[in-house]
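Structure data (compact mmCIF, N, CA and C atoms) from query-v9.txt:
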```
# COMPACT_ATOMS: atom_id res chain seq x y z
N GLN A 964 135.46 160.53 76.56
CA GLN A 964 135.41 161.46 77.68
C GLN A 964 135.74 160.70 78.96
N PRO A 965 136.70 161.17 79.75
CA PRO A 965 137.06 160.48 80.98
C PRO A 965 135.95 160.57 82.04
N HIS A 966 135.85 159.53 82.83
CA HIS A 966 134.87 159.47 83.92
C HIS A 966 135.53 160.02 85.18
N VAL A 967 134.92 161.03 85.79
CA VAL A 967 135.49 161.66 86.98
C VAL A 967 134.44 161.70 88.08
N ASP A 968 134.78 161.13 89.23
CA ASP A 968 133.98 161.27 90.44
C ASP A 968 134.71 162.25 91.35
N TRP A 969 133.99 163.09 92.06
CA TRP A 969 134.63 164.04 92.96
C TRP A 969 133.88 164.06 94.28
N THR A 970 134.55 164.48 95.31
CA THR A 970 133.94 164.60 96.63
C THR A 970 134.56 165.78 97.37
N SER A 971 133.78 166.37 98.25
CA SER A 971 134.27 167.50 99.03
C SER A 971 133.58 167.47 100.40
N SER A 972 134.29 167.96 101.41
CA SER A 972 133.69 168.02 102.74
C SER A 972 134.14 169.30 103.44
N LEU A 973 133.27 169.77 104.31
CA LEU A 973 133.54 170.93 105.14
C LEU A 973 133.13 170.54 106.54
N GLY A 974 134.04 170.67 107.50
CA GLY A 974 133.73 170.18 108.83
C GLY A 974 134.18 171.11 109.93
N ALA A 975 133.55 170.91 111.09
CA ALA A 975 133.95 171.58 112.32
C ALA A 975 134.22 170.48 113.34
N TYR A 976 135.31 170.64 114.08
CA TYR A 976 135.75 169.61 115.01
C TYR A 976 135.99 170.23 116.38
N GLN A 977 135.62 169.49 117.43
CA GLN A 977 135.86 169.93 118.80
C GLN A 977 136.51 168.78 119.56
N SER A 978 137.70 169.03 120.08
CA SER A 978 138.40 168.03 120.89
C SER A 978 137.99 168.21 122.35
N PHE A 979 137.76 167.09 123.02
CA PHE A 979 137.44 167.09 124.44
C PHE A 979 138.56 166.46 125.26
N GLY A 980 139.77 166.39 124.66
CA GLY A 980 140.92 165.83 125.35
C GLY A 980 140.86 164.32 125.44
N GLN A 981 141.97 163.70 125.79
CA GLN A 981 142.06 162.25 125.96
C GLN A 981 141.48 161.49 124.77
N GLN A 982 141.78 161.94 123.57
CA GLN A 982 141.37 161.31 122.30
C GLN A 982 139.86 161.27 122.11
N ARG A 983 139.14 162.22 122.68
CA ARG A 983 137.69 162.32 122.47
C ARG A 983 137.46 163.47 121.48
N LEU A 984 136.70 163.16 120.41
CA LEU A 984 136.54 164.13 119.33
C LEU A 984 135.11 164.11 118.82
N LEU A 985 134.51 165.28 118.69
CA LEU A 985 133.18 165.45 118.11
C LEU A 985 133.34 166.22 116.81
N SER A 986 132.66 165.77 115.76
CA SER A 986 132.75 166.49 114.48
C SER A 986 131.38 166.58 113.82
N LEU A 987 131.20 167.65 113.07
CA LEU A 987 130.03 167.87 112.23
C LEU A 987 130.57 168.15 110.83
N GLU A 988 130.08 167.40 109.85
CA GLU A 988 130.61 167.53 108.49
C GLU A 988 129.48 167.68 107.47
N LEU A 989 129.70 168.55 106.51
CA LEU A 989 128.85 168.69 105.33
C LEU A 989 129.59 167.97 104.21
N LEU A 990 128.95 166.99 103.59
CA LEU A 990 129.58 166.17 102.55
C LEU A 990 128.82 166.32 101.24
N VAL A 991 129.53 166.49 100.15
CA VAL A 991 128.93 166.51 98.81
C VAL A 991 129.82 165.71 97.87
N ASN A 992 129.20 165.07 96.88
CA ASN A 992 129.98 164.42 95.83
C ASN A 992 129.20 164.46 94.53
N GLY A 993 129.91 164.24 93.46
CA GLY A 993 129.29 164.29 92.14
C GLY A 993 129.96 163.36 91.16
N ILE A 994 129.30 163.20 90.03
CA ILE A 994 129.79 162.35 88.94
C ILE A 994 129.71 163.16 87.66
N GLN A 995 130.86 163.36 87.02
CA GLN A 995 130.90 164.15 85.79
C GLN A 995 130.01 163.51 84.73
N GLY A 996 129.22 164.32 84.07
CA GLY A 996 128.38 163.85 82.98
C GLY A 996 127.05 163.27 83.41
N SER A 997 126.74 163.27 84.72
CA SER A 997 125.48 162.70 85.18
C SER A 997 124.31 163.66 84.99
N GLY A 998 124.60 164.95 84.80
CA GLY A 998 123.55 165.94 84.67
C GLY A 998 123.05 166.47 86.00
N VAL A 999 123.61 165.96 87.10
CA VAL A 999 123.23 166.40 88.45
C VAL A 999 124.45 167.07 89.07
N LEU A 1000 124.26 168.29 89.60
CA LEU A 1000 125.38 169.00 90.20
C LEU A 1000 125.97 168.22 91.37
N PHE A 1001 125.12 167.79 92.33
CA PHE A 1001 125.56 166.97 93.45
C PHE A 1001 124.83 165.64 93.40
N ALA A 1002 125.58 164.54 93.23
CA ALA A 1002 124.96 163.22 93.22
C ALA A 1002 124.52 162.82 94.63
N ASP A 1003 125.21 163.33 95.63
CA ASP A 1003 124.85 163.05 97.03
C ASP A 1003 125.30 164.24 97.87
N GLN A 1004 124.48 164.60 98.82
CA GLN A 1004 124.83 165.66 99.75
C GLN A 1004 124.25 165.29 101.10
N GLY A 1005 124.93 165.68 102.18
CA GLY A 1005 124.42 165.31 103.48
C GLY A 1005 125.20 165.92 104.62
N LEU A 1006 124.67 165.69 105.82
CA LEU A 1006 125.28 166.13 107.06
C LEU A 1006 125.58 164.90 107.90
N GLN A 1007 126.69 164.93 108.59
CA GLN A 1007 127.09 163.78 109.40
C GLN A 1007 127.72 164.26 110.71
N VAL A 1008 127.37 163.60 111.81
CA VAL A 1008 127.93 163.88 113.12
C VAL A 1008 128.69 162.64 113.57
N LYS A 1009 129.92 162.83 114.08
CA LYS A 1009 130.74 161.70 114.55
C LYS A 1009 131.23 161.98 115.97
N TRP A 1010 131.32 160.90 116.77
CA TRP A 1010 131.93 160.95 118.08
C TRP A 1010 132.98 159.84 118.13
N GLU A 1011 134.19 160.17 118.57
CA GLU A 1011 135.26 159.18 118.67
C GLU A 1011 135.88 159.25 120.05
N GLN A 1012 136.13 158.06 120.65
CA GLN A 1012 136.78 158.00 121.95
C GLN A 1012 137.40 156.63 122.16
N PRO A 1013 138.40 156.55 123.03
CA PRO A 1013 139.00 155.25 123.34
C PRO A 1013 138.01 154.38 124.13
N VAL A 1014 138.06 153.08 123.87
CA VAL A 1014 137.25 152.14 124.65
C VAL A 1014 138.13 151.18 125.45
N TYR A 1015 139.40 151.08 125.08
CA TYR A 1015 140.36 150.28 125.83
C TYR A 1015 141.73 150.93 125.70
N ARG A 1016 142.25 151.38 126.82
CA ARG A 1016 143.52 152.10 126.86
C ARG A 1016 143.50 153.23 125.84
N ASN A 1017 144.59 153.48 125.14
CA ASN A 1017 144.57 154.56 124.15
C ASN A 1017 144.73 154.04 122.73
N TRP A 1018 144.63 152.72 122.52
CA TRP A 1018 144.85 152.17 121.18
C TRP A 1018 143.62 151.53 120.54
N LEU A 1019 142.53 151.34 121.28
CA LEU A 1019 141.29 150.82 120.70
C LEU A 1019 140.24 151.93 120.78
N LEU A 1020 139.86 152.46 119.61
CA LEU A 1020 138.95 153.60 119.54
C LEU A 1020 137.60 153.19 118.97
N LEU A 1021 136.56 153.79 119.49
CA LEU A 1021 135.20 153.58 119.00
C LEU A 1021 134.75 154.87 118.31
N GLU A 1022 134.18 154.72 117.13
CA GLU A 1022 133.61 155.86 116.41
C GLU A 1022 132.13 155.58 116.17
N LEU A 1023 131.28 156.50 116.57
CA LEU A 1023 129.84 156.41 116.32
C LEU A 1023 129.46 157.55 115.39
N LEU A 1024 128.58 157.28 114.44
CA LEU A 1024 128.17 158.34 113.52
C LEU A 1024 126.70 158.25 113.20
N ALA A 1025 126.13 159.41 112.92
CA ALA A 1025 124.74 159.52 112.45
C ALA A 1025 124.73 160.60 111.37
N GLY A 1026 123.95 160.37 110.34
CA GLY A 1026 123.90 161.33 109.26
C GLY A 1026 122.59 161.30 108.52
N HIS A 1027 122.35 162.36 107.80
CA HIS A 1027 121.18 162.44 106.92
C HIS A 1027 121.68 162.87 105.55
N PHE A 1028 121.29 162.10 104.52
CA PHE A 1028 121.81 162.31 103.18
C PHE A 1028 120.66 162.41 102.18
N TRP A 1029 120.95 163.14 101.09
CA TRP A 1029 119.98 163.34 100.02
C TRP A 1029 120.63 162.93 98.69
N PRO A 1030 120.58 161.64 98.35
CA PRO A 1030 121.21 161.18 97.10
C PRO A 1030 120.32 161.43 95.87
N ARG A 1031 120.99 161.67 94.77
CA ARG A 1031 120.33 161.76 93.45
C ARG A 1031 121.38 161.40 92.41
N PRO A 1032 121.59 160.11 92.16
CA PRO A 1032 122.66 159.68 91.27
C PRO A 1032 122.42 159.95 89.79
N ASP A 1033 121.17 160.25 89.41
CA ASP A 1033 120.84 160.42 88.00
C ASP A 1033 119.82 161.54 87.86
N VAL A 1034 119.92 162.31 86.78
CA VAL A 1034 119.02 163.43 86.54
C VAL A 1034 117.57 162.96 86.38
N LEU A 1035 117.34 161.71 86.00
CA LEU A 1035 115.99 161.19 85.81
C LEU A 1035 115.33 160.77 87.12
N LEU A 1036 116.10 160.70 88.20
CA LEU A 1036 115.57 160.28 89.49
C LEU A 1036 115.36 161.49 90.40
N ALA A 1037 114.33 161.42 91.23
CA ALA A 1037 114.11 162.47 92.22
C ALA A 1037 115.10 162.31 93.37
N ARG A 1038 115.44 163.41 94.01
CA ARG A 1038 116.35 163.35 95.16
C ARG A 1038 115.65 162.61 96.30
N ASP A 1039 116.34 161.64 96.89
CA ASP A 1039 115.81 160.82 97.96
C ASP A 1039 116.26 161.39 99.30
N SER A 1040 115.78 160.84 100.39
CA SER A 1040 116.18 161.24 101.74
C SER A 1040 116.44 159.98 102.55
N VAL A 1041 117.67 159.82 103.04
CA VAL A 1041 118.02 158.61 103.79
C VAL A 1041 118.82 158.96 105.04
N TRP A 1042 118.68 158.13 106.07
CA TRP A 1042 119.45 158.26 107.31
C TRP A 1042 120.57 157.25 107.31
N ALA A 1043 121.62 157.57 108.03
CA ALA A 1043 122.75 156.65 108.17
C ALA A 1043 123.15 156.58 109.64
N LEU A 1044 123.40 155.37 110.12
CA LEU A 1044 123.93 155.14 111.45
C LEU A 1044 125.10 154.19 111.31
N GLY A 1045 126.13 154.40 112.11
CA GLY A 1045 127.28 153.51 111.98
C GLY A 1045 128.12 153.49 113.24
N ALA A 1046 128.93 152.45 113.32
CA ALA A 1046 129.89 152.29 114.41
C ALA A 1046 131.13 151.64 113.83
N ARG A 1047 132.30 152.01 114.38
CA ARG A 1047 133.56 151.46 113.88
C ARG A 1047 134.54 151.34 115.05
N LEU A 1048 135.26 150.23 115.08
CA LEU A 1048 136.35 150.07 116.01
C LEU A 1048 137.65 150.21 115.25
N GLN A 1049 138.60 150.93 115.82
CA GLN A 1049 139.88 151.16 115.16
C GLN A 1049 141.00 150.86 116.16
N MET A 1050 141.97 150.06 115.70
CA MET A 1050 143.13 149.75 116.54
C MET A 1050 144.31 150.57 116.04
N ARG A 1051 144.97 151.26 116.96
CA ARG A 1051 146.17 152.04 116.61
C ARG A 1051 147.38 151.33 117.17
N PHE A 1052 148.38 151.14 116.32
CA PHE A 1052 149.60 150.46 116.75
C PHE A 1052 150.73 151.46 116.87
```
What does this structure look like when you write it as structure tokens?
Amino acid sequence: QPHVDWTSSLGAYQSFGQQRLLSLELLVNGIQGSGVLFADQGLQVKWEQPVYRNWLLLELLAGHFWPRPDVLLARDSVWALGARLQMRF
């Protein structure tokens, strides 16, 4: 039996001009044969804006996720915080 991982997201995005973007996303993923419909599900908020001219962007994110990778484990509750710098050429 082939191993299949899948993921899906549904999001809403609001542009504030000048490469400033706010997003809210619902994320779900699963693993075929694990016995759990969603191995992970969560909500995530992102803010993106330039920090130097228009080619160096900063992304900040916060999220709350409920992972359950195996049917024998109870669904957990975890927070996520992150930051990323991206250079556009």
Within 10 Å of Leu1035 of chain A using only C-alpha atoms, minus same-chain residues under 6 positions, as a PyMOL selection string: chain A and resi 997-999
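Proximity to Trp1018 of chain A was assessed for A:Val967, A:Leu1036, A:Ala1002, A:Met1050 counting all atoms listed in the file; the smallest distance is recorded for A:Met1050.
Put simply, atom N of Leu1021 of chain A is 5.1 Å away from atom CA of Leu1048 of chain A.
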Selected residue, from A:Gly1005, A:Gly996, A:Ser978, A:Ser986, that lies nearest to Val1034 of chain A when counting only N, CA and C atoms: A:Gly996
From A:Gln1049, A:Gln1012, A:Gln977, A:Gln1004, residue lying nearest Arg1031 of chain A [only N, CA and C atoms]: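 Checking each candidate against Arg1031 of chain A, we get A:Gln1004 as the closest.
Residues lying at most 8 Å from (133.7, 164.5, 116.8) in file coordinates, with only C-alpha atoms considered, are Tyr976, Gln977, Ser978, Arg983, Leu984, Leu985, Ser986, Leu987, Val1008, Lys1009, Trp1010 and Glu1011 of chain A.
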Quick one: write out the picked residues with N, CA and C atoms as a PDB file, keeping the file's coordinate frame?
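Result file is part24.pdb:
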```pdb
ATOM      1  N   TYR A 976     135.310 170.640 114.080  1.00  0.00           N
ATOM      2  CA  TYR A 976     135.750 169.610 115.010  1.00  0.00           C
ATOM      3  C   TYR A 976     135.990 170.230 116.380  1.00  0.00           C
ATOM      4  N   GLN A 977     135.620 169.490 117.430  1.00  0.00           N
ATOM      5  CA  GLN A 977     135.860 169.930 118.800  1.00  0.00           C
ATOM      6  C   GLN A 977     136.510 168.780 119.560  1.00  0.00           C
ATOM      7  N   SER A 978     137.700 169.030 120.080  1.00  0.00           N
ATOM      8  CA  SER A 978     138.400 168.030 120.890  1.00  0.00           C
ATOM      9  C   SER A 978     137.990 168.210 122.350  1.00  0.00           C
ATOM     10  N   ARG A 983     139.140 162.220 122.680  1.00  0.00           N
ATOM     11  CA  ARG A 983     137.690 162.320 122.470  1.00  0.00           C
ATOM     12  C   ARG A 983     137.460 163.470 121.480  1.00  0.00           C
ATOM     13  N   LEU A 984     136.700 163.160 120.410  1.00  0.00           N
ATOM     14  CA  LEU A 984     136.540 164.130 119.330  1.00  0.00           C
ATOM     15  C   LEU A 984     135.110 164.110 118.820  1.00  0.00           C
ATOM     16  N   LEU A 985     134.510 165.280 118.690  1.00  0.00           N
ATOM     17  CA  LEU A 985     133.180 165.450 118.110  1.00  0.00           C
ATOM     18  C   LEU A 985     133.340 166.220 116.810  1.00  0.00           C
ATOM     19  N   SER A 986     132.660 165.770 115.760  1.00  0.00           N
ATOM     20  CA  SER A 986     132.750 166.490 114.480  1.00  0.00           C
ATOM     21  C   SER A 986     131.380 166.580 113.820  1.00  0.00           C
ATOM     22  N   LEU A 987     131.200 167.650 113.070  1.00  0.00           N
ATOM     23  CA  LEU A 987     130.030 167.870 112.230  1.00  0.00           C
ATOM     24  C   LEU A 987     130.570 168.150 110.830  1.00  0.00           C
ATOM     25  N   VAL A1008     127.370 163.600 111.810  1.00  0.00           N
ATOM     26  CA  VAL A1008     127.930 163.880 113.120  1.00  0.00           C
ATOM     27  C   VAL A1008     128.690 162.640 113.570  1.00  0.00           C
ATOM     28  N   LYS A1009     129.920 162.830 114.080  1.00  0.00           N
ATOM     29  CA  LYS A1009     130.740 161.700 114.550  1.00  0.00           C
ATOM     30  C   LYS A1009     131.230 161.980 115.970  1.00  0.00           C
ATOM     31  N   TRP A1010     131.320 160.900 116.770  1.00  0.00           N
ATOM     32  CA  TRP A1010     131.930 160.950 118.080  1.00  0.00           C
ATOM     33  C   TRP A1010     132.980 159.840 118.130  1.00  0.00           C
ATOM     34  N   GLU A1011     134.190 160.170 118.570  1.00  0.00           N
ATOM     35  CA  GLU A1011     135.260 159.180 118.670  1.00  0.00           C
ATOM     36  C   GLU A1011     135.880 159.250 120.050  1.00  0.00           C
TER      37      GLU A1011
END
```
Per-residue DSSP, chain A, filtered to strand (DSSP E), as a PyMOL selection string: chain A and resi 968-978+984-994+1003-1015+1019-1030+1041-1050
